[in-house]
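Visitor: I have a structure I would like to understand better, so I am pasting it below and will then ask my questions one at a time.
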Amino acid sequence: QVQLVESGGGSVQAGGSLRLSCVASGSGYGVYSSTCMGWFRQAPGKEREGVASIHIGRGITYYGDSVKGRFTISQDNAKNTVYLQMNSLKPEDTAMYYCAGASAGACTTALFNRPGFFAYWGQGTQVNVSS
């Protein structure tokens with residue numbers, strides 16, 4: 001089993017920044033270096049959307065079109081933590097943000113933003129951006 005715990009959400013005005021953190025723990029991530037970690041978000045009444053993913057072993061990153069140039073996903077392997085730095089936030093970024101984990105095979109341009117390919121999920125952290 002893998003446990004994922006997100007933190008860092010909150011309320012911010014448009015144009016502001018937030019940094020989300022996701023700490024992984026549990027026996028299931030013993031091969032953490034062969035993991036794809038992703039951030040997804042879901043607004044009320046909308047489908048869950050892939051935001052960004054990172055191949056933990058190779059450091060290759062993937063981004064959804066709506067966040068390219070504004071969001072940055074990164075990792076700190078010593079802390080088993082993945083971050084999502086969100087800059088130039090917009091009201092449309094308002095959503096519950098989820099951290100997710102999958103096998104490394106999910107880290108491709110075709111799969112990185114598809115929730116069905118991620119087996120492990122955190123409880124979510126809310127981000128609210130006001131205009």
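To be explicit about the labels: the chains of the structure tokens are called A, B, and onward in the order shown, and within each one the residues are counted from 1, while ligands get numbers from 1 in the order they are shown.
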Stretch 96-103 of chain A: which residues within 7 Å, counting only C-alpha atoms, same-chain residues fewer than 4 positions away excluded, as a list in words?
Guide: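 Using only C-alpha atoms, the neighbours found are Leu4, Glu6, Cys22, Ser34, Thr35, Cys36, Met37, Gly38, Trp39, Phe40, Arg41, Gln42, Ala43, Phe117, Phe118, Ala119, Tyr120, Trp121, Gly122, Gln123, Gly124, Thr125, Gln126 and Val127 of chain A.
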Visitor: Which residues come within 9 Å of A:Tyr83, counting only C-alpha atoms, excluding same-chain residues fewer than 6 positions away, as a PyMOL selection string?
Guide: chain A and resi 19-23+39+72-76
Visitor: Please produce a file of those selected residues containing N, CA and C atoms, as an mmCIF file, in the first residue's frame.
Guide:
```
data_model
loop_
_atom_site.group_PDB
_atom_site.id
_atom_site.type_symbol
_atom_site.label_atom_id
_atom_site.label_comp_id
_atom_site.auth_asym_id
_atom_site.auth_seq_id
_atom_site.Cartn_x
_atom_site.Cartn_y
_atom_site.Cartn_z
ATOM 1 N N ARG A 19 2.179 26.650 -3.267
ATOM 2 C CA ARG A 19 2.957 25.446 -3.507
ATOM 3 C C ARG A 19 2.311 24.284 -2.770
ATOM 4 N N LEU A 20 1.925 23.280 -3.517
ATOM 5 C CA LEU A 20 1.344 22.072 -2.945
ATOM 6 C C LEU A 20 2.442 21.037 -2.728
ATOM 7 N N SER A 21 2.272 20.256 -1.670
ATOM 8 C CA SER A 21 3.209 19.175 -1.359
ATOM 9 C C SER A 21 2.460 17.861 -1.268
ATOM 10 N N CYS A 22 3.138 16.793 -1.636
ATOM 11 C CA CYS A 22 2.567 15.445 -1.529
ATOM 12 C C CYS A 22 3.652 14.533 -0.979
ATOM 13 N N VAL A 23 3.409 13.996 0.204
ATOM 14 C CA VAL A 23 4.356 13.087 0.843
ATOM 15 C C VAL A 23 3.875 11.656 0.663
ATOM 16 N N TRP A 39 -0.284 15.183 -10.352
ATOM 17 C CA TRP A 39 -1.264 16.073 -9.725
ATOM 18 C C TRP A 39 -2.472 16.178 -10.646
ATOM 19 N N THR A 72 4.790 24.214 -12.021
ATOM 20 C CA THR A 72 6.004 23.413 -12.099
ATOM 21 C C THR A 72 5.921 22.261 -11.107
ATOM 22 N N ILE A 73 6.104 21.051 -11.602
ATOM 23 C CA ILE A 73 6.138 19.882 -10.730
ATOM 24 C C ILE A 73 7.594 19.520 -10.467
ATOM 25 N N SER A 74 7.892 19.157 -9.230
ATOM 26 C CA SER A 74 9.271 18.805 -8.881
ATOM 27 C C SER A 74 9.252 17.738 -7.799
ATOM 28 N N GLN A 75 10.431 17.213 -7.480
ATOM 29 C CA GLN A 75 10.510 16.116 -6.520
ATOM 30 C C GLN A 75 11.681 16.322 -5.574
ATOM 31 N N ASP A 76 11.540 15.790 -4.385
ATOM 32 C CA ASP A 76 12.632 15.710 -3.421
ATOM 33 C C ASP A 76 12.656 14.268 -2.947
#
```
Visitor: Which value, in Å to one decimal, gives the distance between atom CA of A:Ala24 and atom CA of A:Lys46?
Guide: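 It comes out at 26.7 Å.
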Visitor: List the neighbours of A:Gly15 out to 7 Å using only C-alpha atoms; skip same-chain residues closer than 3 positions along the sequence, and give me the result as a PyMOL selection string.
Guide: chain A and resi 88-90
Visitor: Those same residues - N, CA, C and O atoms - I'd like them written as an mmCIF file, in the first residue's frame.
Guide:
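Below is the file that was written, part.cif:
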```cif
data_model
loop_
_atom_site.group_PDB
_atom_site.id
_atom_site.type_symbol
_atom_site.label_atom_id
_atom_site.label_comp_id
_atom_site.auth_asym_id
_atom_site.auth_seq_id
_atom_site.Cartn_x
_atom_site.Cartn_y
_atom_site.Cartn_z
ATOM 1 N N SER A 88 0.969 32.600 -11.068
ATOM 2 C CA SER A 88 0.006 33.290 -11.942
ATOM 3 C C SER A 88 -1.353 32.601 -11.908
ATOM 4 O O SER A 88 -1.975 32.337 -12.947
ATOM 5 N N LEU A 89 -1.819 32.327 -10.712
ATOM 6 C CA LEU A 89 -3.068 31.598 -10.558
ATOM 7 C C LEU A 89 -4.251 32.386 -11.092
ATOM 8 O O LEU A 89 -4.291 33.623 -11.006
ATOM 9 N N LYS A 90 -5.210 31.649 -11.639
ATOM 10 C CA LYS A 90 -6.418 32.221 -12.215
ATOM 11 C C LYS A 90 -7.630 31.656 -11.485
ATOM 12 O O LYS A 90 -7.563 30.553 -10.931
#
```
Visitor: Write out as an MDAnalysis selection string all residues of chain A that backbone DSSP assigns to strand (DSSP E or B).
Guide: chainID A and resid 3:7 10:13 18:25 35:42 49:55 61:63 71:76 81:86 95:103 120:121 125:130
